[in-house]
Each structure stands twice: as C-alpha cells, then as structure tokens.
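For reference, the structure is listed below as structure tokens.
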Amino acid sequence: MYRDGILREQSTVVEAILAEIERRGPLSTAAFRDHNHAVDWWWAPTSAARAVMEALFVTGRLGIARRDGSRRYFDLIERLVPDRLLRKRVSQDDAMRHRLLSRYRAVGLLANVGAAAEIILGTGKTPERTRWTAELVDGGTLIPAAIEGIKGTRYLLAEEQSILADASAQLRGKPKVTLMAPLEPLVWDRRLLRDLFGFDYTWEIYVPEAKRRHGYYVLPLLFGDRLVGRIEPRYERKDRALRMLGIWFEKGFEPMTAPGFVDALNEAVSAYAAFVGAKTVTWPRTRPARDIAGALRRLSAA
C-alpha cells in the first residue's frame, strides 16, 4: 500500500529524508520545510514530509527516537532496534496473530466480531480472527469475558487480569478527572462506550462545522469510572494561553454538586496546562463554564 503509493510517488522526498536523518540523526518534520508541498494523506491534505515520514515509520524504515511534547523525532530503525530483532523472521500466520494480539492489548475487552473497522484493520478476515483468537485463548494468553448487559464475548489479556482488581480498589479512593484524547484506546471502541458507559461520542474533526454537535477537537471527560461530559481545549502557542472553547455534561450529571468533581477537574486542568506550557487558562462565558471558572479561581486563591 505505502510502497506502491506515497513512497513511490514521493521518492525524491523519501531519499532526501533518509539521507538527512542518516547524516544528522533524529529529526522531526520541522527539519524538512522545503518538502512542505501538500499531498493526499488519509483524510486530509498533508505536507509531503509528514506523510513520507509517517509512511516510513509504518513500513519499518524509521522509528520514533523521542518526543518533545507532541513533536516526534524519527531515526533510522537500525539505530533504535537491536540487530538480532531486525534479523528475526516469523511466519505470516504468527505475524498476523501477533498483530491481532496487539489490538486486544491496546483496546482492552475487545470483541472478535462486530468491532469497528478501524480497530480490526489489517488483522485478517473474521474466520481467521476467530481461529487466531481461539488459539490465543487455548494458549492461555487471552481470557474470554462477559459483560453484564452487553451481548457477545470480549477478551482480555491473562497477564492483565489483576488490573481489574487494582482498578476496583482505586475507585474506592478519591475519583480523578481525566481529559481523554480522541485516539485514546478506550475511546476507539465507540460501541463499547455507548453500551457500557451510555456515552455517545463522535470525534467531529472531520464533520463540517455547520453539522457539529459540540466542537472541532472535543475530549471526553472521565470522572472516576464515569464518562460525565466533554471539553474542548485549545492551546494558543503565541499567547501561551489555554482556552477552553466549550464544556458539556451528560444529562443528569451536576458538576457543581457532584462530590469531588470540581477539585478533580482543577487538578486535571492544571496538569494539562502545565503539560502544554500555558501561562493562562480562560473559559467561555456560558453556563456551566462560568460557574466552573469561578469555582476554579476560588480554589486557586484559597
């Protein structure tokens, strides 16, 4: 797919990027601004340098050496992975079984049948997945699980079974708020979100603005073991300002009276602001955002 597509079409860019990384070491897309012409890449026009570096990463020519915030620095894969691993060869069947296992590991409680296409992409057809899943269960790698009120069998890694007990113990403590990324593995399985949490989420980045229900880049809000709402933060690098463009809550959830929520939200927003390097945080002048902003100011002043 990539070798016959973007890597062939942009062969000059490929050669330039590989040569420069070999000479200088780990680099990000910012080092290749002279290759910023737009190309079709997945769902939107993207700079050729970014598209090529991502394709080289997917095909195993480059690896991620480090991250600086959201910026990735790529290096030649042979500098990052031991030679003994690069020389290892496995059968196609073993490789596909490993790929499927990686999806079970990433998502957690993934179903073999009925999962979203983007989750199971590249893991074979249903009969193959069924066979590989059965082999992983028979080998003790996966454990089948049933969720009360949800049809079908789901699977979790046997080595991660203790996480369920640990999570249960943590929930007995003070609940925390987490701003979940749209590509967070838990969020991948939108059907599970809806059936298990009663949370209907759509990442609206590709939805025309006039048709969006919430916003361009809205994050689910996890409070303890509940998905209670969504928030849209935007970091303005020039002003080093974190602007909350909107916040919405699920029906029946009262943020100002829910025990521990305001304190937990304050901790989460403070951590987010520190991570992106924001000096200020602003909220929209709508309800309940105004009430929340006032409560957070009082906490900061206390």
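Labels used: A, B, ... for chains in the order of the structure tokens, numbers from 1 for residues in each chain, and numbers from 1 for ligands as shown.
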| message | Which residues are close to A:Arg287, i.e. within 12 Å by only C-alpha atoms, leaving aside same-chain residues fewer than 2 positions away? Reply as a ChimeraX atom specification. | response | /A:246-249,254-256,283-285,289-294
Restricting it to C-alpha atoms, dump the selection as a compact mmCIF listing (two decimals), in the first residue's frame.
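Result file is result32.txt:
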```txt
# COMPACT_ATOMS: atom_id res chain seq x y z
CA GLY A 246 -16.63 24.70 25.49
CA ILE A 247 -17.62 22.21 28.16
CA TRP A 248 -20.71 19.99 28.10
CA PHE A 249 -22.06 17.47 30.60
CA GLU A 254 -24.44 18.13 38.07
CA PRO A 255 -20.79 19.29 38.03
CA MET A 256 -21.10 21.89 40.78
CA TRP A 283 -13.23 29.74 29.94
CA PRO A 284 -16.20 30.71 27.74
CA ARG A 285 -18.86 32.96 29.21
CA ALA A 289 -18.46 27.16 32.12
CA ARG A 290 -18.84 30.45 34.06
CA ASP A 291 -19.73 28.60 37.25
CA ILE A 292 -16.81 26.23 36.85
CA ALA A 293 -14.36 29.03 36.08
CA GLY A 294 -15.43 30.86 39.25
```
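Excluding stretch 188-191 of chain A itself and any same-chain residue fewer than 2 positions from it, the protein and nucleic acid residues within 10 Å of it, counting only C-alpha atoms, are Ala106, Val107, Gly108, Leu109, Leu110, Ala111, Gly114, Ala115, Ala116, Ala117, Glu118, Ile119, Pro182, Leu183, Glu184, Pro185, Leu186, Leu193, Arg194, Asp195, Leu196, Phe197, Gly198, Phe199, Asp200, Tyr201 and Thr202 of chain A.
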| task | Quick one: everything within 12 Å of stretch 59-75 of chain A, counting only C-alpha atoms, minus sequence neighbours fewer than 6 positions away in the same chain. Send it as a count of residues only. | result | 34
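Considering the residues A:Leu221, A:Ala169, A:Val39, A:Leu164 and counting only C-alpha atoms, A:Phe253 has its shortest atom-to-atom contact with A:Leu221.
Interatomic distance, atom CA of A:Phe223 to atom CA of A:Thr178: 6.6 Å.
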| message | Can you pull out the residues contacting A:Leu222? Cut-off 8 Å, using only C-alpha atoms, and skip same-chain residues under 6 positions away; I want them as a list in words. | response |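 Everything that qualifies: Lys176, Val177, Thr178, Leu179, Met180, Val228 and Gly229 of chain A.
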